[in-house]
>>> print(open('final.cif').read())   # mmCIF, C-alpha atoms and all ligand atoms
data_run
loop_
_atom_site.label_atom_id
_atom_site.label_comp_id
_atom_site.auth_asym_id
_atom_site.auth_seq_id
_atom_site.Cartn_x
_atom_site.Cartn_y
_atom_site.Cartn_z
CA MET A 1 23.66 -13.36 -37.55
CA SER A 2 20.85 -11.26 -36.21
CA THR A 3 17.45 -12.08 -37.60
CA GLY A 4 16.19 -8.70 -36.48
CA GLU A 5 13.91 -10.45 -34.05
CA SER A 6 13.75 -9.19 -30.53
CA PRO A 7 15.35 -11.72 -28.17
CA CYS A 8 12.47 -11.29 -25.78
CA GLY A 9 8.82 -10.36 -25.85
CA PRO A 10 7.33 -6.91 -25.26
CA VAL A 11 7.31 -7.27 -21.47
CA GLY A 12 10.91 -8.49 -21.45
CA GLU A 13 11.92 -5.56 -23.66
CA LEU A 14 10.32 -3.02 -21.36
CA ALA A 15 11.69 -4.69 -18.23
CA ARG A 16 15.13 -4.61 -19.79
CA ARG A 17 14.87 -0.88 -20.53
CA LEU A 18 13.83 -0.30 -16.92
CA VAL A 19 16.70 -2.39 -15.52
CA ARG A 20 19.12 -0.29 -17.56
CA ILE A 21 17.96 2.82 -15.69
CA ASP A 22 19.84 2.79 -12.40
CA THR A 23 17.24 3.58 -9.74
CA THR A 24 19.27 2.38 -6.77
CA ASN A 25 17.67 3.60 -3.58
CA PRO A 26 19.30 5.51 -1.97
CA PRO A 27 19.25 7.95 -3.66
CA GLY A 28 16.39 6.62 -5.86
CA ASN A 29 16.55 8.55 -9.14
CA GLU A 30 13.20 7.09 -10.24
CA ARG A 31 12.38 10.01 -12.56
CA PRO A 32 13.70 8.57 -15.86
CA ALA A 33 12.00 5.21 -15.24
CA VAL A 34 8.73 6.92 -14.35
CA GLY A 35 9.10 9.17 -17.39
CA LEU A 36 9.50 6.18 -19.69
CA LEU A 37 6.34 4.56 -18.31
CA ALA A 38 4.36 7.82 -18.33
CA GLY A 39 5.17 8.18 -22.04
CA ILE A 40 3.97 4.67 -22.83
CA LEU A 41 0.77 4.95 -20.80
CA GLY A 42 0.04 8.48 -22.02
CA GLY A 43 0.42 7.26 -25.60
CA ALA A 44 -2.06 4.49 -24.88
CA GLY A 45 -4.74 6.93 -23.72
CA PHE A 46 -4.16 7.09 -19.98
CA GLU A 47 -4.48 10.41 -18.13
CA ILE A 48 -1.07 11.02 -16.58
CA GLU A 49 -0.38 12.57 -13.19
CA THR A 50 3.17 12.74 -11.88
CA ARG A 51 4.21 13.99 -8.49
CA SER A 52 7.71 14.88 -7.44
CA TYR A 53 8.76 13.04 -4.33
CA LEU A 54 10.52 14.52 -1.30
CA ASP A 55 10.97 17.76 -3.30
CA SER A 56 13.69 16.04 -5.32
CA ALA A 57 14.04 16.74 -9.03
CA GLU A 58 15.28 13.16 -9.48
CA ARG A 59 12.37 11.43 -7.77
CA THR A 60 8.92 11.16 -9.29
CA GLN A 61 5.84 9.02 -8.84
CA LEU A 62 3.15 8.30 -11.38
CA VAL A 63 -0.58 7.72 -11.30
CA ALA A 64 -2.07 6.96 -14.72
CA ARG A 65 -5.81 6.52 -15.21
CA LEU A 66 -7.73 4.92 -18.05
CA ARG A 67 -11.35 6.02 -17.86
CA GLY A 68 -14.01 3.33 -18.05
CA THR A 69 -17.76 3.77 -18.19
CA GLY A 70 -17.86 4.15 -14.41
CA SER A 71 -20.48 1.49 -13.84
CA ARG A 72 -18.10 -0.61 -11.71
CA PRO A 73 -15.36 0.28 -9.20
CA GLY A 74 -11.93 0.47 -10.78
CA VAL A 75 -8.78 -1.61 -10.46
CA LEU A 76 -5.41 -0.38 -9.20
CA PHE A 77 -2.17 -1.78 -10.64
CA SER A 78 0.65 -1.23 -8.15
CA GLY A 79 4.41 -1.40 -8.55
CA HIS A 80 7.60 0.38 -7.56
CA VAL A 81 10.67 1.22 -9.66
CA ASP A 82 13.28 1.87 -6.98
CA VAL A 83 15.74 -0.97 -6.35
CA VAL A 84 18.10 -1.88 -3.53
CA PRO A 85 21.87 -1.43 -4.08
CA PRO A 86 23.75 -4.28 -5.82
CA GLY A 87 25.43 -5.13 -2.49
CA ASN A 88 28.97 -6.17 -1.60
CA VAL A 89 28.90 -9.69 -3.03
CA PRO A 90 30.30 -9.51 -6.57
CA TRP A 91 27.87 -10.21 -9.42
CA SER A 92 28.76 -12.44 -12.36
CA VAL A 93 26.81 -10.06 -14.66
CA PRO A 94 26.79 -6.25 -14.64
CA PRO A 95 23.81 -5.30 -12.45
CA PHE A 96 22.44 -2.56 -14.71
CA ALA A 97 23.16 -3.93 -18.20
CA GLY A 98 19.96 -5.97 -18.58
CA GLU A 99 21.79 -9.03 -19.91
CA LEU A 100 19.75 -11.84 -21.41
CA ARG A 101 20.96 -15.39 -20.79
CA ASN A 102 19.22 -18.74 -20.96
CA GLY A 103 15.76 -17.25 -21.22
CA ARG A 104 16.32 -14.93 -18.28
CA LEU A 105 16.71 -11.20 -17.83
CA TYR A 106 19.49 -10.44 -15.34
CA GLY A 107 19.97 -7.27 -13.35
CA ARG A 108 19.13 -5.44 -10.16
CA GLY A 109 15.37 -4.96 -10.09
CA SER A 110 14.64 -7.51 -12.82
CA CYS A 111 12.69 -9.55 -10.26
CA ASP A 112 11.95 -6.90 -7.58
CA MET A 113 10.15 -5.51 -9.40
CA LYS A 114 10.77 -3.89 -12.76
CA GLY A 115 9.68 -7.15 -14.38
CA GLY A 116 6.34 -6.90 -12.60
CA VAL A 117 5.98 -3.21 -13.45
CA ALA A 118 6.70 -3.91 -17.12
CA ALA A 119 4.05 -6.65 -17.12
CA LEU A 120 1.48 -4.31 -15.53
CA VAL A 121 2.19 -1.55 -18.03
CA VAL A 122 2.07 -3.83 -21.07
CA ALA A 123 -1.21 -5.31 -19.77
CA ALA A 124 -2.53 -1.78 -19.23
CA THR A 125 -1.77 -0.78 -22.84
CA ARG A 126 -3.49 -3.92 -24.14
CA LEU A 127 -6.54 -3.22 -22.02
CA ALA A 128 -6.57 0.37 -23.30
CA ALA A 129 -6.59 -0.92 -26.87
CA GLY A 130 -9.60 -3.15 -26.20
CA ARG A 131 -13.26 -2.39 -25.57
CA LYS A 132 -14.06 0.28 -23.02
CA LEU A 133 -13.96 -1.15 -19.51
CA GLU A 134 -16.80 -0.73 -17.03
CA GLY A 135 -14.47 0.76 -14.42
CA ASP A 136 -11.28 2.81 -14.41
CA LEU A 137 -7.86 1.18 -14.56
CA VAL A 138 -5.31 3.09 -12.50
CA VAL A 139 -1.57 2.36 -12.66
CA ALA A 140 0.48 3.62 -9.68
CA VAL A 141 4.25 3.53 -10.12
CA THR A 142 5.97 4.53 -6.92
CA ALA A 143 9.37 5.63 -5.68
CA ASP A 144 10.98 4.74 -2.35
CA GLU A 145 9.17 1.46 -1.73
CA GLU A 146 12.36 -0.15 -0.50
CA ARG A 147 12.34 2.26 2.43
CA ASN A 148 9.22 0.90 4.07
CA CYS A 149 6.74 1.92 1.34
CA LEU A 150 7.27 5.62 2.05
CA GLY A 151 6.61 6.60 -1.58
CA ALA A 152 3.16 5.00 -1.62
CA GLU A 153 2.43 6.48 1.78
CA ALA A 154 3.07 9.96 0.36
CA LEU A 155 1.27 9.30 -2.92
CA VAL A 156 -1.93 8.01 -1.32
CA GLU A 157 -2.37 11.46 0.25
CA GLU A 158 -3.03 12.83 -3.25
CA PRO A 159 -6.64 12.87 -4.51
CA LEU A 160 -5.79 10.50 -7.36
CA PHE A 161 -7.34 7.24 -6.22
CA GLU A 162 -11.09 7.79 -6.20
CA GLY A 163 -13.46 5.14 -7.52
CA LEU A 164 -11.27 2.09 -6.96
CA GLY A 165 -12.52 -1.31 -5.80
CA SER A 166 -9.45 -3.53 -5.75
CA ALA A 167 -5.67 -3.58 -6.15
CA ILE A 168 -3.17 -5.92 -7.77
CA VAL A 169 0.41 -5.64 -6.49
CA ALA A 170 2.97 -7.09 -8.90
CA GLU A 171 5.69 -8.04 -6.40
CA PRO A 172 7.34 -11.36 -7.33
CA THR A 173 5.36 -14.46 -6.37
CA SER A 174 6.44 -16.80 -9.23
CA LEU A 175 2.95 -15.98 -10.55
CA GLY A 176 1.41 -17.54 -7.46
CA LEU A 177 -1.54 -15.86 -5.76
CA TYR A 178 -0.85 -14.26 -2.39
CA VAL A 179 -3.95 -13.00 -0.62
CA ALA A 180 -2.58 -12.07 2.81
CA GLU A 181 0.44 -10.36 4.26
CA LYS A 182 1.68 -9.85 7.77
CA GLY A 183 1.55 -6.48 9.45
CA ALA A 184 4.66 -4.71 10.70
CA PHE A 185 4.58 -2.83 13.99
CA TRP A 186 7.94 -1.34 14.92
CA LEU A 187 8.44 0.45 18.21
CA GLU A 188 11.44 2.20 19.68
CA ILE A 189 11.18 2.15 23.44
CA THR A 190 13.51 4.31 25.48
CA ALA A 191 14.04 3.95 29.20
CA LEU A 192 15.22 7.08 30.97
CA GLY A 193 16.69 6.63 34.44
CA LYS A 194 19.25 8.35 36.60
CA THR A 195 22.99 8.06 36.42
CA ALA A 196 25.20 7.28 39.43
CA HIS A 197 28.59 5.80 40.24
CA GLY A 198 28.69 2.06 39.60
CA SER A 199 29.68 1.43 43.22
CA MET A 200 26.54 3.19 44.47
CA PRO A 201 23.77 1.94 42.17
CA HIS A 202 21.08 2.66 44.80
CA LEU A 203 21.60 6.37 44.00
CA GLY A 204 20.66 5.83 40.35
CA ALA A 205 17.96 4.24 38.23
CA ASN A 206 19.36 1.71 35.75
CA ALA A 207 17.84 2.14 32.29
CA VAL A 208 19.63 -0.93 30.84
CA ALA A 209 18.23 -3.19 33.57
CA ALA A 210 14.74 -1.75 33.01
CA VAL A 211 14.91 -2.56 29.28
CA ALA A 212 16.25 -6.03 30.05
CA GLU A 213 13.19 -6.67 32.21
CA LEU A 214 10.97 -5.24 29.50
CA LEU A 215 12.37 -7.63 26.88
CA VAL A 216 11.95 -10.71 29.05
CA GLN A 217 8.39 -9.78 30.07
CA TRP A 218 7.32 -8.74 26.56
CA GLU A 219 8.58 -11.98 25.02
CA ARG A 220 6.56 -13.83 27.63
CA GLN A 221 3.29 -12.03 26.96
CA TYR A 222 3.64 -11.40 23.20
CA PRO A 223 1.00 -13.47 21.35
CA SER A 224 3.45 -15.68 19.41
CA ASP A 225 1.52 -18.75 20.53
CA ALA A 226 -1.88 -17.38 19.56
CA ALA A 227 -3.89 -19.57 17.19
CA PRO A 228 -1.88 -19.41 13.96
CA HIS A 229 -3.43 -17.68 10.97
CA PRO A 230 -4.10 -20.31 8.26
CA LEU A 231 -2.01 -18.47 5.65
CA LEU A 232 0.39 -16.37 7.71
CA GLY A 233 1.18 -18.48 10.76
CA SER A 234 1.90 -16.80 14.08
CA PRO A 235 2.96 -13.27 14.98
CA THR A 236 6.70 -12.86 15.49
CA LEU A 237 8.82 -10.60 17.66
CA THR A 238 12.41 -9.49 17.03
CA ALA A 239 14.44 -7.12 19.18
CA GLY A 240 16.64 -5.73 16.42
CA VAL A 241 18.66 -2.96 18.06
CA ILE A 242 19.55 -2.13 21.64
CA GLN A 243 21.67 0.79 22.78
CA GLY A 244 22.46 1.87 26.29
CA GLY A 245 25.18 2.67 28.76
CA VAL A 246 28.52 4.46 28.52
CA LYS A 247 30.96 2.68 30.85
CA VAL A 248 31.09 -0.39 33.04
CA ASN A 249 31.16 1.60 36.28
CA VAL A 250 28.42 4.09 35.44
CA VAL A 251 24.72 3.42 36.11
CA PRO A 252 23.17 4.01 32.66
CA ASP A 253 20.46 6.64 32.51
CA ARG A 254 19.34 5.82 28.99
CA CYS A 255 18.65 2.65 27.05
CA ALA A 256 16.67 2.25 23.82
CA VAL A 257 15.45 -0.90 22.13
CA GLN A 258 13.84 -1.28 18.71
CA LEU A 259 11.23 -4.02 18.40
CA ASP A 260 10.05 -5.52 15.10
CA MET A 261 6.66 -7.17 15.56
CA ARG A 262 5.07 -8.96 12.61
CA THR A 263 1.38 -9.46 13.10
CA VAL A 264 -1.52 -11.33 11.58
CA PRO A 265 -5.16 -10.27 11.06
CA GLY A 266 -6.88 -10.20 14.43
CA VAL A 267 -3.84 -8.94 16.33
CA GLU A 268 -4.54 -5.21 16.45
CA HIS A 269 -1.59 -2.89 16.80
CA SER A 270 -3.59 -0.60 19.09
CA TRP A 271 -4.09 -3.56 21.42
CA LEU A 272 -0.37 -4.37 21.38
CA ARG A 273 0.41 -0.75 22.15
CA ALA A 274 -2.02 -0.70 25.09
CA GLU A 275 -0.49 -3.93 26.44
CA MET A 276 2.95 -2.40 26.09
CA ASP A 277 1.91 0.76 27.95
CA THR A 278 0.54 -1.35 30.80
CA LEU A 279 3.75 -3.33 31.04
CA LEU A 280 5.90 -0.19 31.01
CA ALA A 281 3.85 1.27 33.85
CA GLU A 282 4.31 -1.93 35.84
CA ILE A 283 8.08 -1.88 35.36
CA SER A 284 8.27 1.79 36.34
CA GLY A 285 6.23 0.99 39.45
CA ALA A 286 8.80 -1.58 40.52
CA ARG A 287 11.79 0.55 39.50
CA PRO A 288 11.58 4.06 40.94
CA GLY A 289 13.14 6.71 38.73
CA ILE A 290 12.51 4.94 35.42
CA ARG A 291 10.46 6.79 32.81
CA TRP A 292 9.65 5.64 29.30
CA GLY A 293 9.40 7.09 25.83
CA VAL A 294 7.72 5.16 23.03
CA ALA A 295 8.09 6.07 19.35
CA THR A 296 6.29 4.26 16.54
CA LEU A 297 8.76 3.57 13.71
CA SER A 298 6.29 1.75 11.50
CA ASP A 299 2.64 0.80 11.76
CA ARG A 300 1.52 -1.31 8.80
CA PRO A 301 -1.51 -3.48 9.46
CA ALA A 302 -1.79 -7.09 8.37
CA VAL A 303 -4.01 -7.38 5.31
CA GLU A 304 -6.08 -10.20 3.93
CA CYS A 305 -8.31 -10.55 0.88
CA PRO A 306 -10.99 -13.25 1.21
CA ALA A 307 -10.24 -16.12 -1.20
CA ASP A 308 -13.86 -16.04 -2.43
CA SER A 309 -13.85 -12.28 -3.18
CA PRO A 310 -14.34 -11.14 -6.79
CA LEU A 311 -10.72 -9.93 -6.89
CA ALA A 312 -9.19 -13.21 -5.70
CA ARG A 313 -11.50 -15.19 -7.97
CA ALA A 314 -10.59 -13.02 -10.98
CA LEU A 315 -6.88 -13.59 -10.36
CA SER A 316 -7.36 -17.30 -9.71
CA GLY A 317 -9.31 -17.67 -12.92
CA ALA A 318 -6.71 -15.74 -14.92
CA ILE A 319 -3.82 -17.78 -13.48
CA ARG A 320 -5.69 -21.01 -14.20
CA GLN A 321 -6.31 -19.97 -17.82
CA VAL A 322 -2.76 -18.80 -18.45
CA LYS A 323 -0.72 -21.35 -16.50
CA GLY A 324 -3.13 -24.25 -16.68
CA GLU A 325 -3.01 -24.90 -12.97
CA GLU A 326 -5.17 -23.90 -10.03
CA PRO A 327 -3.32 -21.47 -7.75
CA GLN A 328 -3.23 -22.19 -4.04
CA PRO A 329 -3.82 -18.86 -2.23
CA ARG A 330 -0.94 -18.11 0.13
CA GLY A 331 0.34 -15.43 2.47
CA VAL A 332 3.62 -13.49 2.78
CA PRO A 333 5.44 -12.52 5.99
CA TYR A 334 6.72 -9.17 4.66
CA CYS A 335 5.01 -5.94 3.64
CA THR A 336 4.16 -4.85 0.13
CA GLU A 337 2.36 -1.67 -0.89
CA ALA A 338 -0.86 -3.55 -0.16
CA CYS A 339 -0.25 -2.39 3.41
CA ILE A 340 -0.83 1.19 2.20
CA TRP A 341 -3.62 0.72 -0.35
CA VAL A 342 -5.79 -1.64 1.70
CA PRO A 343 -6.20 0.46 4.85
CA ARG A 344 -6.00 3.88 3.16
CA LEU A 345 -8.27 3.23 0.17
CA GLY A 346 -10.47 0.67 1.90
CA ILE A 347 -10.06 -1.86 -0.91
CA PRO A 348 -8.84 -5.48 -1.02
CA ALA A 349 -5.50 -6.31 -2.62
CA VAL A 350 -3.76 -9.41 -3.94
CA ILE A 351 -0.10 -9.92 -4.74
CA CYS A 352 0.85 -11.73 -7.93
CA GLY A 353 3.94 -11.16 -10.02
CA PRO A 354 6.72 -12.67 -12.09
CA GLY A 355 9.97 -13.77 -10.47
CA GLU A 356 10.93 -15.86 -7.50
CA PRO A 357 10.41 -14.10 -4.17
CA GLY A 358 13.72 -15.54 -2.93
CA MET A 359 15.55 -13.67 -5.74
CA CYS A 360 14.76 -10.26 -4.24
CA HIS A 361 17.79 -8.26 -3.16
CA GLN A 362 20.17 -11.09 -4.19
CA PRO A 363 23.30 -10.83 -6.36
CA ASP A 364 22.74 -12.07 -9.94
CA GLU A 365 19.05 -11.22 -9.61
CA PHE A 366 17.06 -12.46 -12.60
CA VAL A 367 13.56 -13.04 -13.86
CA ASP A 368 12.35 -15.64 -16.34
CA LEU A 369 11.41 -14.03 -19.66
CA LYS A 370 8.49 -16.39 -20.28
CA GLU A 371 7.10 -15.60 -16.85
CA LEU A 372 7.13 -11.89 -17.72
CA GLU A 373 4.90 -12.42 -20.74
CA LEU A 374 2.58 -14.76 -18.79
CA ALA A 375 2.25 -12.12 -16.06
CA ALA A 376 0.96 -9.53 -18.54
CA GLU A 377 -1.50 -12.11 -19.83
CA ILE A 378 -2.71 -12.83 -16.29
CA TYR A 379 -3.19 -9.13 -15.47
CA THR A 380 -5.06 -8.53 -18.72
CA ARG A 381 -7.45 -11.42 -18.12
CA ALA A 382 -7.93 -10.57 -14.44
CA VAL A 383 -9.00 -7.02 -15.29
CA GLU A 384 -11.25 -8.29 -18.08
CA GLY A 385 -12.80 -10.60 -15.49
CA LEU A 386 -13.44 -7.67 -13.17
CA LEU A 387 -14.25 -4.87 -15.58
CA ALA A 388 -15.15 -6.15 -19.05
CA ALA A 389 -18.73 -5.70 -20.15
CA ALA A 390 -20.63 -8.98 -20.07
ZN ZN B 401 9.62 -4.92 -4.25
#
>>> encode(input="final.cif", output="C-alpha cells", more="lines below")
Ligand SMILES: [Zn+2]
Amino acid sequence: MSTGESPCGPVGELARRLVRIDTTNPPGNERPAVGLLAGILGGAGFEIETRSYLDSAERTQLVARLRGTGSRPGVLFSGHVDVVPPGNVPWSVPPFAGELRNGRLYGRGSCDMKGGVAALVVAATRLAAGRKLEGDLVVAVTADEERNCLGAEALVEEPLFEGLGSAIVAEPTSLGLYVAEKGAFWLEITALGKTAHGSMPHLGANAVAAVAELLVQWERQYPSDAAPHPLLGSPTLTAGVIQGGVKVNVVPDRCAVQLDMRTVPGVEHSWLRAEMDTLLAEISGARPGIRWGVATLSDRPAVECPADSPLARALSGAIRQVKGEEPQPRGVPYCTEACIWVPRLGIPAVICGPGEPGMCHQPDEFVDLKELELAAEIYTRAVEGLLAAA
C-alpha cells in the first residue's frame, strides 16, 4: 500500500526524472533535460541563458546565474546531461526507466552524471532560497561532454562566465575530493613517403617503417619515468590507432598513427610538441623522401587545485561536516570539464560527486540514493563556506 511518500529524496526524484529522459550521445537530445533544469532554476530566481548546440534543435546547453552582492568572485557548478549508449552487454534493468532498488537509482546516466547534476541543481535552489550570497552562483549544464568535452568547449566561448572564482565539477567520486586531473594530448602523425614495387624498395620511401621508428624512439624519450606527480603519478603514452600500407609487395607511401598522451602538471604540451617536431626532423633526415603531417586531436592541459586553496578547503570542510570523515585529496587520470573551465576561465576547480567512478559507462549503472542527498548537502555547505556573508 502506498503511503504517498516519495521513495527517494528530492535529489533522487530529480535524478530519476533526468534518467528517464534518454539523452544518449550520439545523438545527444539534451534539450528536454536542459529544459527541465532551466524551469527549476528559473523558478528559483536564477537568470536563465540557453544556447543551442551544433545548430541542432534537439541539443541545448544551459547557463543559469543567481546574482549575489558581487563582493566576492562567484562559484561555478558544472555538470553534463548527455550519456553514453547502454552498450551491447544486456542490462538486468531497463536503462531509461529510473528503477529504484535497494536504496539505489538504476539507469544510464544515474552515476555519470545525472545524479551529480540533480544534486547541484537542488543545492542551487536551496542556496537561492537562503540569504543573499556575496558572489554569483552559476550553474552550467552542458551537452556533448562524452565526446571530449566539446559542449563545454563551445559554451565557454559565450560571454556568460564573468566574475567567477572557482568551479565544482560533480562527476562521480563517491563524494571524495579530487583536486587534480591528468591532461590529454592526442596527436595524429602521418608519414608521407613514396610508393614503389616491393622488390625495389630503394626506389620508394617507406612510410610504415618511418612510423615504426617514430614509435620506438618516442616511447624511449617520452617522460614516463619523470618524477611522478604526488596525486596523478606519471605521464602515460598509448599508440591507439595505426593505419598504413595497401599490399605486401607495395612500398607504403602513407602511414598514420594516433597517440594518446596523458600528462601531469609540469609536462607542458607545447614542450612535447617541440620534442616531437625535433624527432620527426631527425627521422626524415635519416630517411630521404619521408615528410610528416601532425594534427592535434585533443589538447587538454593537466589541472591541479592546491589543497590549501579556499575552494579545496571549503569542499573539505563540507565533506567533513556531512560525511563525518576527513577527505583525502586525490587525482584522476581522465578529463572532466575542469580541463575547459580551469584554463579558459583562469579559475581553480575540484571534482566531487555522488556515485562510484568505476560505475561510469557500465551496464546496470546505479547511484546510491543516500549519496545523492549528501552530495546536495555538501555543495550547499561548500558554497556557503565560499560565499555566505560572515
Ligand atoms: Zn561524466
>>> closest_residue(input="final.cif", among="A:Leu100, A:Val169, A:Ala307, A:Val156", to="ligand ZN 401 (chain B)", atoms="only C-alpha atoms and all ligand atoms")
A:Val169
>>> residues_near_ligand(input="final.cif", ligand="ligand ZN 401 (chain B)", cutoff="6 Å", atoms="all atoms listed in the file", output="compact mmCIF listing (two decimals) with C-alpha atoms, in the frame of the given file")
# COMPACT_ATOMS: atom_id res chain seq x y z
CA ASP A 112 11.95 -6.90 -7.58
CA MET A 113 10.15 -5.51 -9.40
CA GLU A 171 5.69 -8.04 -6.40
>>> residues_around(input="final.cif", residues="Thr50 (chain A)", least_positions_apart="2", cutoff="8 Å", atoms="all atoms listed in the file", output="ChimeraX atom specification")
/A:48,52,60-63
>>> closest_atom_pairs(input="final.cif", of="region 145-256 of chain A", to="region 69-84 of chain A", cutoff="12 Å", atoms="only C-alpha atoms", output="tab-separated table")
residue	atom	partner	partner_atom	distance
A:Glu145	CA	A:His80	CA	6.1
A:Glu146	CA	A:Val84	CA	6.7
A:Arg147	CA	A:Val84	CA	9.3
A:Asn148	CA	A:His80	CA	11.8
A:Cys149	CA	A:His80	CA	9.1
A:Leu150	CA	A:His80	CA	11.0
A:Gly151	CA	A:His80	CA	8.7
A:Ala152	CA	A:His80	CA	8.7
A:Leu155	CA	A:Ser78	CA	11.8
A:Val156	CA	A:Ser78	CA	11.8
A:Leu160	CA	A:Leu76	CA	11.0
A:Phe161	CA	A:Leu76	CA	8.4
A:Glu162	CA	A:Gly74	CA	8.7
A:Gly163	CA	A:Pro73	CA	5.5
A:Leu164	CA	A:Gly74	CA	4.2
A:Gly165	CA	A:Pro73	CA	4.7
A:Ser166	CA	A:Val75	CA	5.1
A:Ala167	CA	A:Leu76	CA	4.4
A:Ile168	CA	A:Phe77	CA	5.1
A:Val169	CA	A:Ser78	CA	4.7
A:Ala170	CA	A:Gly79	CA	5.9
A:Glu171	CA	A:Gly79	CA	7.1
A:Pro172	CA	A:Gly79	CA	10.5
>>> residues_around(input="final.cif", residues="region 352-369 of chain A", least_positions_apart="2", cutoff="7 Å", atoms="all atoms listed in the file", output="number ranges by chain")
A: 8, 12, 84, 86, 89, 91-93, 103-108, 110-112, 115-116, 169-178, 350, 371-373, 375
>>> closest_residue(input="final.cif", among="A:Ala123, A:Ala227, A:Ala143, A:Leu66", to="Asn25 (chain A)", atoms="all atoms listed in the file")
A:Ala143
>>> residues_near_point(input="final.cif", point="(4.0, -12.6, 3.5)", cutoff="9 Å", atoms="only C-alpha atoms", output="PyMOL selection string")
chain A and resi 178-183+231-232+330-336
>>> build_atoms(input="final.cif", residues="region 197-217 of chain A", atoms="N, CA and C atoms", output="short mmCIF file (atom, residue, chain, number, x, y, z; two decimals), in the frame of the given file")
data_model
loop_
_atom_site.label_atom_id
_atom_site.label_comp_id
_atom_site.auth_asym_id
_atom_site.auth_seq_id
_atom_site.Cartn_x
_atom_site.Cartn_y
_atom_site.Cartn_z
N HIS A 197 27.35 6.57 40.27
CA HIS A 197 28.59 5.80 40.24
C HIS A 197 28.24 4.31 40.36
N GLY A 198 28.99 3.49 39.60
CA GLY A 198 28.69 2.06 39.60
C GLY A 198 28.82 1.40 40.96
N SER A 199 29.55 2.01 41.87
CA SER A 199 29.68 1.43 43.22
C SER A 199 28.52 1.82 44.12
N MET A 200 27.68 2.74 43.65
CA MET A 200 26.54 3.19 44.47
C MET A 200 25.26 3.17 43.64
N PRO A 201 24.91 1.99 43.11
CA PRO A 201 23.77 1.94 42.17
C PRO A 201 22.45 2.36 42.82
N HIS A 202 22.34 2.27 44.15
CA HIS A 202 21.08 2.66 44.80
C HIS A 202 20.80 4.16 44.63
N LEU A 203 21.82 4.93 44.23
CA LEU A 203 21.60 6.37 44.00
C LEU A 203 21.10 6.65 42.58
N GLY A 204 21.09 5.62 41.74
CA GLY A 204 20.66 5.83 40.35
C GLY A 204 19.42 5.03 40.02
N ALA A 205 19.04 5.09 38.76
CA ALA A 205 17.96 4.24 38.23
C ALA A 205 18.48 3.68 36.91
N ASN A 206 18.63 2.35 36.85
CA ASN A 206 19.36 1.71 35.75
C ASN A 206 18.45 1.46 34.54
N ALA A 207 18.69 2.24 33.49
CA ALA A 207 17.84 2.14 32.29
C ALA A 207 18.09 0.83 31.53
N VAL A 208 19.33 0.33 31.54
CA VAL A 208 19.63 -0.93 30.84
C VAL A 208 18.89 -2.08 31.52
N ALA A 209 18.92 -2.11 32.84
CA ALA A 209 18.23 -3.19 33.57
C ALA A 209 16.72 -3.12 33.33
N ALA A 210 16.19 -1.90 33.25
CA ALA A 210 14.74 -1.75 33.01
C ALA A 210 14.38 -2.31 31.63
N VAL A 211 15.20 -2.04 30.62
CA VAL A 211 14.91 -2.56 29.28
C VAL A 211 15.09 -4.08 29.25
N ALA A 212 16.07 -4.57 29.99
CA ALA A 212 16.25 -6.03 30.05
C ALA A 212 14.98 -6.69 30.60
N GLU A 213 14.43 -6.11 31.64
CA GLU A 213 13.19 -6.67 32.21
C GLU A 213 12.05 -6.56 31.19
N LEU A 214 12.00 -5.42 30.52
CA LEU A 214 10.97 -5.24 29.50
C LEU A 214 11.04 -6.34 28.44
N LEU A 215 12.24 -6.63 27.96
CA LEU A 215 12.37 -7.63 26.88
C LEU A 215 11.91 -9.00 27.35
N VAL A 216 12.33 -9.39 28.55
CA VAL A 216 11.95 -10.71 29.05
C VAL A 216 10.43 -10.80 29.21
N GLN A 217 9.84 -9.76 29.83
CA GLN A 217 8.39 -9.78 30.07
C GLN A 217 7.62 -9.74 28.75
#
